[in-house]
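What follows is a short report on a single structure.
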Amino acid sequence: MSDSSRDTAEGAGWGATELGTYKRLMPHQVEKISWLDPRMLWAARNGVLASWFGDPTGRTRNRWVAQRAAAGAPADKVIRRDDPDRFSFLVIGDTGEGDDPQYAVVPGFLKTGRDTRFAILASDVIYPVGSADDYGSKFFRPYQEYQAPIYAIPGNHDWYEDLGAFMRVFCDDAPPLAPEPAPRPLSRAGLRSLLWHRPRKGDGQRLAQQRTLRSAAAQQAVQPGPYWAIDAGPVRIVGIDTGLLGTLDAEQGAWLREVSKDPRPKILVTGSPLYVDGEHHPCAIEGGGTVDEIVRDPAHRYVAAIGGDIHNYQRYPVQVDGRTIQYVVSGGGGAFMHATHTIPRVDIAGVTEKEFRCYPLRGDSLAFYSRLYGRRLRMRRLFTLSEAEASAVVAERLGIPLTRAQQRTDRITWRTRLVAALLGAGRRPDRTARLRLPVRKIYTSLFSPSSATYSPPFFKQFLRLDVTPETIRLRCYAATGSRAQELEPPVEDEVTIPLI
């Protein structure tokens, strides 16, 4: 097994000597998404409009589900497979930007997943707005060699065009929804409808041609809607759709409660993680209750909850009534990297730094962002930190030991401390707090996507889960973009989950 980032700096991808072969898989021309482009911001406006004028996602979702039911989809929305008691599957989240970081994941994904029975895409299949014409280069092409079905749950970006393309690709070429009656012009719904982004005329005309890239019988998968359950061997996998704003409508909530009564052990896959960045987000259900209340109910036998949306890996083993539920963030499948160095010292629901895991390591995240800001601000000499400098200052600010096994303690200078403070390492309050540069919400909305790097290390990841009647072995594999780690993807985290 190759070194991981927890072993050496080389295991993290720093100083890679040979670029991976992923570029051979890419189209000749790649559109690079920039959220600093006003046209891109305007196209992706529906999330903001939903928060201002009311979220129509629940009603639209229910119409899609009703259409699928009328077409013969199972009423319980359960996909019943013939998997044996011992099998494996993959989970990969937030994939579809169609650029170097997404394609850099593919060689390791294919190698690690060659004997898996299926894969699940957890959130944001297609950026920026889920258009049908983008599925060719951002879904069918990168995964054309994966010889098993791929199921998916949508993320907020897939909802920016009312989920039409997602339903066509994953739900048996579902036809467009019939138009609804126009709302009153001066109502909130009327203003929202007036400004709402809709698909381009003619979008998806190339979809039939693009489908040929994944046309083998073994690759086909049809799901009953944007949320579903899969009965696979000894487990039930439940996938929920959290829409534009990270909540569940009442109808989906009632279904979740019902489908969770099955006696098998369960894994939840959700577009909105329940524990993330040292915080608890239980996910509200319209009409009352939360998703996490359902997950925590011992009668429902959930052993893990895996969420996308945040573009990195995190794991929180939470003790609930004498058992452990693994709450996992797995959104590092291709989109720009969300920082981990801004995660404060973890102490939540009984999970401390000792039990918490993340990828990239906080020091690697700080070193990565210091290079981004050094390049963007043309101040490389000031901002750029080595991985050793970044790891040392993060450990100091959080009061934790160095995470990397073979890490030397680098001298911490005033410059190192200044850059760490400006980039929000550990989000510790200090005199630079008012001068702190955006690396969280503002950076996420604007600068991170436009600052994606196109040379290693990329710090991407995906999951492999090996299921037996007794256990689930969950491993987080890294993809850095280097050739060595394509040939032998490093394991960044591993946990065995008991089922009995």
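Starting from 1 in every chain, residues are counted up; chains themselves are A, B, ... following the order of the structure tokens, and ligands are numbered from 1 as listed.
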
Could you give me, as a list in words, the residues within 12 Å of Ala174 (chain A), counting only C-alpha atoms and dropping anything in the same chain fewer than 3 positions from it?
Arg63, Trp64, Val65, Ala66, Gln67, Arg68, Ala69, Ala70, Ala71, Gly72, Ala73, Leu163, Gly164, Ala165, Phe166, Met167, Arg168, Val169, Phe170, Cys171, Leu177, Ala178, Val222, Gln223, Pro224, Gly225 and Pro226 of chain A

Atoms kept (N, CA, C and O atoms) for selection, written as a CSV table (one decimal), in the first residue's frame:
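What landed in out.csv:
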chain,number,residue,atom,x,y,z
A,63,ARG,N,-44.1,16.5,-7.7
A,63,ARG,CA,-44.6,16.3,-9.0
A,63,ARG,C,-43.8,15.3,-9.8
A,63,ARG,O,-44.3,14.5,-10.6
A,64,TRP,N,-42.4,15.4,-9.7
A,64,TRP,CA,-41.6,14.4,-10.3
A,64,TRP,C,-41.9,13.0,-9.8
A,64,TRP,O,-42.0,12.1,-10.6
A,65,VAL,N,-42.1,12.9,-8.5
A,65,VAL,CA,-42.3,11.6,-7.9
A,65,VAL,C,-43.7,11.0,-8.4
A,65,VAL,O,-43.8,9.8,-8.7
A,66,ALA,N,-44.7,11.9,-8.5
A,66,ALA,CA,-46.0,11.5,-9.0
A,66,ALA,C,-45.9,11.0,-10.4
A,66,ALA,O,-46.5,10.0,-10.8
A,67,GLN,N,-45.1,11.7,-11.2
A,67,GLN,CA,-45.0,11.4,-12.6
A,67,GLN,C,-44.3,10.0,-12.7
A,67,GLN,O,-44.7,9.1,-13.5
A,68,ARG,N,-43.3,9.7,-11.9
A,68,ARG,CA,-42.6,8.4,-12.0
A,68,ARG,C,-43.5,7.3,-11.5
A,68,ARG,O,-43.5,6.2,-12.0
A,69,ALA,N,-44.3,7.6,-10.5
A,69,ALA,CA,-45.3,6.6,-10.0
A,69,ALA,C,-46.3,6.3,-11.1
A,69,ALA,O,-46.6,5.1,-11.3
A,70,ALA,N,-46.8,7.3,-11.8
A,70,ALA,CA,-47.7,7.0,-12.9
A,70,ALA,C,-47.1,6.2,-14.0
A,70,ALA,O,-47.8,5.5,-14.7
A,71,ALA,N,-45.8,6.3,-14.1
A,71,ALA,CA,-45.1,5.6,-15.2
A,71,ALA,C,-44.7,4.2,-14.7
A,71,ALA,O,-44.1,3.4,-15.5
A,72,GLY,N,-45.0,3.8,-13.5
A,72,GLY,CA,-44.8,2.4,-13.0
A,72,GLY,C,-43.7,2.2,-12.0
A,72,GLY,O,-43.3,1.1,-11.7
A,73,ALA,N,-43.1,3.3,-11.5
A,73,ALA,CA,-42.0,3.2,-10.5
A,73,ALA,C,-42.6,2.6,-9.3
A,73,ALA,O,-43.8,2.8,-8.9
A,163,LEU,N,-34.3,20.1,-11.9
A,163,LEU,CA,-34.0,18.7,-11.8
A,163,LEU,C,-34.3,18.0,-13.1
A,163,LEU,O,-34.2,16.8,-13.2
A,164,GLY,N,-34.6,18.7,-14.2
A,164,GLY,CA,-35.0,18.1,-15.4
A,164,GLY,C,-34.0,17.2,-16.0
A,164,GLY,O,-34.3,16.0,-16.4
A,165,ALA,N,-32.7,17.6,-16.1
A,165,ALA,CA,-31.7,16.8,-16.7
A,165,ALA,C,-31.4,15.6,-15.9
A,165,ALA,O,-31.2,14.5,-16.4
A,166,PHE,N,-31.3,15.8,-14.6
A,166,PHE,CA,-31.1,14.6,-13.6
A,166,PHE,C,-32.2,13.6,-13.8
A,166,PHE,O,-31.8,12.4,-13.9
A,167,MET,N,-33.4,13.9,-14.0
A,167,MET,CA,-34.5,13.0,-14.1
A,167,MET,C,-34.4,12.2,-15.5
A,167,MET,O,-34.7,11.1,-15.5
A,168,ARG,N,-34.0,12.9,-16.5
A,168,ARG,CA,-33.8,12.3,-17.8
A,168,ARG,C,-32.7,11.2,-17.7
A,168,ARG,O,-32.8,10.2,-18.3
A,169,VAL,N,-31.6,11.5,-17.1
A,169,VAL,CA,-30.4,10.7,-17.1
A,169,VAL,C,-30.6,9.5,-16.1
A,169,VAL,O,-30.3,8.3,-16.5
A,170,PHE,N,-31.2,9.7,-14.9
A,170,PHE,CA,-31.2,8.6,-13.9
A,170,PHE,C,-32.6,8.0,-13.7
A,170,PHE,O,-32.7,6.9,-13.1
A,171,CYS,N,-33.6,8.6,-14.3
A,171,CYS,CA,-34.9,8.1,-14.0
A,171,CYS,C,-35.7,7.8,-15.3
A,171,CYS,O,-36.8,8.3,-15.6
A,177,LEU,N,-41.9,18.1,-16.9
A,177,LEU,CA,-43.1,18.3,-16.2
A,177,LEU,C,-44.0,19.2,-16.9
A,177,LEU,O,-43.6,20.1,-17.6
A,178,ALA,N,-45.3,19.0,-16.8
A,178,ALA,CA,-46.3,19.9,-17.4
A,178,ALA,C,-46.2,21.3,-16.7
A,178,ALA,O,-46.0,21.3,-15.4
A,222,VAL,N,-31.8,2.2,-13.4
A,222,VAL,CA,-33.0,3.1,-13.4
A,222,VAL,C,-33.4,3.2,-11.9
A,222,VAL,O,-33.6,2.2,-11.2
A,223,GLN,N,-33.6,4.4,-11.5
A,223,GLN,CA,-34.0,4.6,-10.1
A,223,GLN,C,-35.4,5.3,-10.1
A,223,GLN,O,-35.8,5.9,-11.1
A,224,PRO,N,-36.2,5.1,-9.0
A,224,PRO,CA,-37.6,5.5,-9.0
A,224,PRO,C,-37.8,7.0,-8.9
A,224,PRO,O,-39.0,7.4,-8.9
A,225,GLY,N,-36.8,7.7,-8.6
A,225,GLY,CA,-37.0,9.2,-8.4
A,225,GLY,C,-35.7,9.8,-7.9
A,225,GLY,O,-34.7,9.1,-7.8
A,226,PRO,N,-35.8,11.0,-7.4
A,226,PRO,CA,-34.6,11.7,-6.8
A,226,PRO,C,-34.2,11.2,-5.5
A,226,PRO,O,-33.2,11.4,-5.0

So which bits of region 221-327 of chain A end up alpha helix (DSSP H) when you DSSP the backbone, as a PyMOL selection string?
chain A and resi 250-259+291-296

Could you write out that same residue set with N, CA, C and O atoms as a PDB file, in the first residue's frame?
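Contents of out_5.pdb, as written:
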ATOM      1  N   ALA A 250     -42.455  17.354   3.369  1.00  0.00           N
ATOM      2  CA  ALA A 250     -43.211  16.480   4.264  1.00  0.00           C
ATOM      3  C   ALA A 250     -43.428  15.097   3.651  1.00  0.00           C
ATOM      4  O   ALA A 250     -43.347  14.072   4.348  1.00  0.00           O
ATOM      5  N   GLU A 251     -43.681  15.036   2.349  1.00  0.00           N
ATOM      6  CA  GLU A 251     -43.938  13.747   1.704  1.00  0.00           C
ATOM      7  C   GLU A 251     -42.695  12.861   1.747  1.00  0.00           C
ATOM      8  O   GLU A 251     -42.771  11.667   2.054  1.00  0.00           O
ATOM      9  N   GLN A 252     -41.535  13.435   1.448  1.00  0.00           N
ATOM     10  CA  GLN A 252     -40.303  12.657   1.512  1.00  0.00           C
ATOM     11  C   GLN A 252     -39.990  12.266   2.949  1.00  0.00           C
ATOM     12  O   GLN A 252     -39.490  11.166   3.210  1.00  0.00           O
ATOM     13  N   GLY A 253     -40.272  13.162   3.896  1.00  0.00           N
ATOM     14  CA  GLY A 253     -40.052  12.841   5.300  1.00  0.00           C
ATOM     15  C   GLY A 253     -40.880  11.654   5.753  1.00  0.00           C
ATOM     16  O   GLY A 253     -40.388  10.779   6.473  1.00  0.00           O
ATOM     17  N   ALA A 254     -42.152  11.607   5.335  1.00  0.00           N
ATOM     18  CA  ALA A 254     -43.013  10.471   5.691  1.00  0.00           C
ATOM     19  C   ALA A 254     -42.481   9.184   5.070  1.00  0.00           C
ATOM     20  O   ALA A 254     -42.485   8.117   5.705  1.00  0.00           O
ATOM     21  N   TRP A 255     -42.010   9.278   3.820  1.00  0.00           N
ATOM     22  CA  TRP A 255     -41.418   8.098   3.172  1.00  0.00           C
ATOM     23  C   TRP A 255     -40.182   7.642   3.920  1.00  0.00           C
ATOM     24  O   TRP A 255     -39.979   6.431   4.132  1.00  0.00           O
ATOM     25  N   LEU A 256     -39.324   8.580   4.330  1.00  0.00           N
ATOM     26  CA  LEU A 256     -38.104   8.224   5.046  1.00  0.00           C
ATOM     27  C   LEU A 256     -38.433   7.495   6.345  1.00  0.00           C
ATOM     28  O   LEU A 256     -37.785   6.487   6.689  1.00  0.00           O
ATOM     29  N   ARG A 257     -39.416   7.973   7.062  1.00  0.00           N
ATOM     30  CA  ARG A 257     -39.796   7.302   8.312  1.00  0.00           C
ATOM     31  C   ARG A 257     -40.287   5.875   8.027  1.00  0.00           C
ATOM     32  O   ARG A 257     -39.966   4.937   8.766  1.00  0.00           O
ATOM     33  N   GLU A 258     -41.040   5.710   6.958  1.00  0.00           N
ATOM     34  CA  GLU A 258     -41.580   4.388   6.640  1.00  0.00           C
ATOM     35  C   GLU A 258     -40.498   3.433   6.167  1.00  0.00           C
ATOM     36  O   GLU A 258     -40.418   2.285   6.618  1.00  0.00           O
ATOM     37  N   VAL A 259     -39.642   3.906   5.258  1.00  0.00           N
ATOM     38  CA  VAL A 259     -38.620   3.025   4.693  1.00  0.00           C
ATOM     39  C   VAL A 259     -37.555   2.677   5.730  1.00  0.00           C
ATOM     40  O   VAL A 259     -36.870   1.652   5.606  1.00  0.00           O
ATOM     41  N   VAL A 291     -34.096  14.747  10.043  1.00  0.00           N
ATOM     42  CA  VAL A 291     -33.530  13.514   9.498  1.00  0.00           C
ATOM     43  C   VAL A 291     -32.695  12.802  10.565  1.00  0.00           C
ATOM     44  O   VAL A 291     -32.755  11.576  10.714  1.00  0.00           O
ATOM     45  N   ASP A 292     -31.930  13.562  11.349  1.00  0.00           N
ATOM     46  CA  ASP A 292     -31.056  12.911  12.322  1.00  0.00           C
ATOM     47  C   ASP A 292     -31.834  12.222  13.422  1.00  0.00           C
ATOM     48  O   ASP A 292     -31.364  11.220  13.986  1.00  0.00           O
ATOM     49  N   GLU A 293     -33.025  12.703  13.755  1.00  0.00           N
ATOM     50  CA  GLU A 293     -33.856  11.987  14.721  1.00  0.00           C
ATOM     51  C   GLU A 293     -34.193  10.591  14.203  1.00  0.00           C
ATOM     52  O   GLU A 293     -34.198   9.616  14.969  1.00  0.00           O
ATOM     53  N   ILE A 294     -34.444  10.491  12.918  1.00  0.00           N
ATOM     54  CA  ILE A 294     -34.746   9.196  12.309  1.00  0.00           C
ATOM     55  C   ILE A 294     -33.506   8.313  12.308  1.00  0.00           C
ATOM     56  O   ILE A 294     -33.569   7.112  12.608  1.00  0.00           O
ATOM     57  N   VAL A 295     -32.353   8.894  11.977  1.00  0.00           N
ATOM     58  CA  VAL A 295     -31.102   8.138  11.956  1.00  0.00           C
ATOM     59  C   VAL A 295     -30.749   7.630  13.351  1.00  0.00           C
ATOM     60  O   VAL A 295     -30.272   6.500  13.525  1.00  0.00           O
ATOM     61  N   ARG A 296     -30.975   8.429  14.377  1.00  0.00           N
ATOM     62  CA  ARG A 296     -30.582   8.067  15.743  1.00  0.00           C
ATOM     63  C   ARG A 296     -31.522   7.052  16.401  1.00  0.00           C
ATOM     64  O   ARG A 296     -31.133   6.412  17.376  1.00  0.00           O
TER      65      ARG A 296
END

Non-local contacts of Gln407 (chain A) (9 Å; only C-alpha atoms; under 5 positions in same chain excluded) as a PyMOL selection string:
chain A and resi 7-9+388+391-392+402

What would the file look like if the residues just selected were written as a CSV table (one decimal), in the first residue's frame with N, CA and C atoms?
chain,number,residue,atom,x,y,z
A,7,ASP,N,1.2,9.7,6.4
A,7,ASP,CA,2.5,9.1,6.5
A,7,ASP,C,3.6,10.1,6.2
A,8,THR,N,3.5,10.7,4.9
A,8,THR,CA,4.6,11.5,4.4
A,8,THR,C,4.0,12.7,3.6
A,9,ALA,N,4.8,13.7,3.4
A,9,ALA,CA,4.4,14.8,2.5
A,9,ALA,C,4.2,14.3,1.1
A,388,ALA,N,5.2,21.8,5.7
A,388,ALA,CA,5.8,21.7,7.0
A,388,ALA,C,5.4,22.9,7.8
A,391,SER,N,1.6,22.9,8.6
A,391,SER,CA,1.3,21.9,9.6
A,391,SER,C,1.7,22.3,11.0
A,392,ALA,N,2.8,22.9,11.1
A,392,ALA,CA,3.3,23.3,12.4
A,392,ALA,C,2.4,24.4,13.0
A,402,LEU,N,1.3,17.2,15.8
A,402,LEU,CA,1.4,17.1,14.4
A,402,LEU,C,0.7,15.8,13.9

Which residues come within 12 Å of His197 (chain A), counting only C-alpha atoms, excluding same-chain residues fewer than 6 positions away, as an mmCIF file with C-alpha atoms, in the first residue's frame?
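Below you can see result.cif, which holds the result:
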data_model
loop_
_atom_site.group_PDB
_atom_site.id
_atom_site.type_symbol
_atom_site.label_atom_id
_atom_site.label_comp_id
_atom_site.auth_asym_id
_atom_site.auth_seq_id
_atom_site.Cartn_x
_atom_site.Cartn_y
_atom_site.Cartn_z
ATOM 1 C CA ARG A 39 -23.092 35.322 -16.297
ATOM 2 C CA MET A 40 -22.347 32.254 -14.179
ATOM 3 C CA LEU A 41 -23.668 33.893 -11.021
ATOM 4 C CA TRP A 42 -26.853 34.908 -12.823
ATOM 5 C CA ALA A 43 -27.404 31.382 -14.166
ATOM 6 C CA ALA A 44 -27.014 29.948 -10.636
ATOM 7 C CA ARG A 45 -29.432 32.371 -8.983
ATOM 8 C CA ASN A 46 -32.215 29.938 -8.037
ATOM 9 C CA GLY A 47 -30.797 29.084 -4.627
ATOM 10 C CA VAL A 48 -30.805 32.748 -3.649
ATOM 11 C CA LEU A 49 -34.280 33.260 -5.087
ATOM 12 C CA ALA A 50 -35.586 30.265 -3.118
ATOM 13 C CA VAL A 129 -26.590 24.375 -13.051
ATOM 14 C CA GLY A 130 -27.247 20.714 -13.846
ATOM 15 C CA SER A 131 -27.735 21.210 -17.605
ATOM 16 C CA HIS A 157 -26.656 22.527 -8.342
ATOM 17 C CA TRP A 159 -31.803 21.612 -8.867
ATOM 18 C CA TYR A 160 -30.849 24.910 -10.537
ATOM 19 C CA GLU A 161 -32.819 23.801 -13.613
ATOM 20 C CA ASP A 162 -35.637 22.130 -11.653
ATOM 21 C CA LEU A 163 -33.958 18.708 -11.842
#

For Gln205 (chain A), find every residue with an atom within 12 Å (counting only C-alpha atoms), except residues of its own chain fewer than 2 positions away, and show them as a list in words.
Ser131, Ala132, Asp133, Asp134, Tyr135, Gly136, Ala165, Arg168, Arg200, Lys201, Gly202, Asp203, Leu207, Ala208, Gln209, Gln210 and Arg211 of chain A

Nearest to Ala425 (chain A), chosen from A:Thr403, A:Ser260, A:Thr342, A:Thr384, with only C-alpha atoms counted in the distances:
A:Thr342

Could you build a table of the residues in region 248-337 of chain A lying no more than 9 Å from region 458-471 of chain A, giving for each the nearest pair of atoms and their separation in Å rounded to one decimal place, using only C-alpha atoms, ordered by chain and ascending residue number, as JSON lines?
{"residue": "A:His311", "atom": "CA", "partner": "A:Lys460", "partner_atom": "CA", "distance": 8.3}
{"residue": "A:Asn312", "atom": "CA", "partner": "A:Lys460", "partner_atom": "CA", "distance": 7.2}
{"residue": "A:Tyr313", "atom": "CA", "partner": "A:Gln461", "partner_atom": "CA", "distance": 7.3}
{"residue": "A:Ser330", "atom": "CA", "partner": "A:Phe462", "partner_atom": "CA", "distance": 6.8}
{"residue": "A:Gly331", "atom": "CA", "partner": "A:Gln461", "partner_atom": "CA", "distance": 7.8}
{"residue": "A:Gly332", "atom": "CA", "partner": "A:Lys460", "partner_atom": "CA", "distance": 4.8}
{"residue": "A:Gly333", "atom": "CA", "partner": "A:Gln461", "partner_atom": "CA", "distance": 5.6}
{"residue": "A:Gly334", "atom": "CA", "partner": "A:Lys460", "partner_atom": "CA", "distance": 6.3}
{"residue": "A:Ala335", "atom": "CA", "partner": "A:Lys460", "partner_atom": "CA", "distance": 8.4}
{"residue": "A:Phe336", "atom": "CA", "partner": "A:Phe458", "partner_atom": "CA", "distance": 8.6}
{"residue": "A:Met337", "atom": "CA", "partner": "A:Phe459", "partner_atom": "CA", "distance": 7.4}

Contact residues around Thr416 (chain A) with only C-alpha atoms at 8 Å, ignoring same-chain residues under 5 positions, as a count of residues only
4

Mind giving me the straight-line distance from CA of Gln144 (chain A) to CA of Leu213 (chain A) in Å, one decimal?
5.4 Å

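The gap separating CA of Leu191 (chain A) from CA of Ser51 (chain A) is 12.7 Å, in Å to one decimal.
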
Val351 (chain A) environment, 9 Å, only C-alpha atoms, sequence neighbours closer than 2 positions dropped, as an mmCIF file with C-alpha atoms, in the first residue's frame:
data_model
loop_
_atom_site.group_PDB
_atom_site.id
_atom_site.type_symbol
_atom_site.label_atom_id
_atom_site.label_comp_id
_atom_site.auth_asym_id
_atom_site.auth_seq_id
_atom_site.Cartn_x
_atom_site.Cartn_y
_atom_site.Cartn_z
ATOM 1 C CA TYR A 316 -17.388 11.832 13.210
ATOM 2 C CA PRO A 317 -17.960 8.562 15.149
ATOM 3 C CA VAL A 318 -20.872 9.617 17.368
ATOM 4 C CA GLN A 319 -22.003 7.484 20.303
ATOM 5 C CA VAL A 346 -13.369 19.314 17.317
ATOM 6 C CA ASP A 347 -15.399 18.716 20.459
ATOM 7 C CA ILE A 348 -18.981 17.813 19.566
ATOM 8 C CA ALA A 349 -21.358 14.991 20.534
ATOM 9 C CA GLU A 353 -9.759 15.547 17.920
ATOM 10 C CA LYS A 354 -8.634 12.054 18.892
ATOM 11 C CA GLU A 355 -11.566 10.434 17.082
ATOM 12 C CA PHE A 356 -12.133 12.999 14.299
#

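Distance check against Thr480 (chain A) using only C-alpha atoms: of A:Ala104, A:Ala421, A:Ile497, A:Leu382, the minimum falls on A:Ala104.
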
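Of the residues listed (A:Pro263, A:Gly15, A:Gly58, A:Pro107), A:Gly58 shows the shortest atom-to-atom separation from Gly243 (chain A); distances use only C-alpha atoms.
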
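Closest approach to Gly481 (chain A) among A:Gly113, A:Pro234, A:Pro101, A:Gly54 is made by A:Pro101 (distances from only C-alpha atoms).
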
Taking the DSSP secondary structure from the backbone, can you list the residues of region 47-112 of chain A that are strand (DSSP E), as a PyMOL selection string?
chain A and resi 78-80+87-92

Figure out the distance between CA of Glu396 (chain A) and CA of Phe368 (chain A), please, to one decimal in Å.
18.2 Å
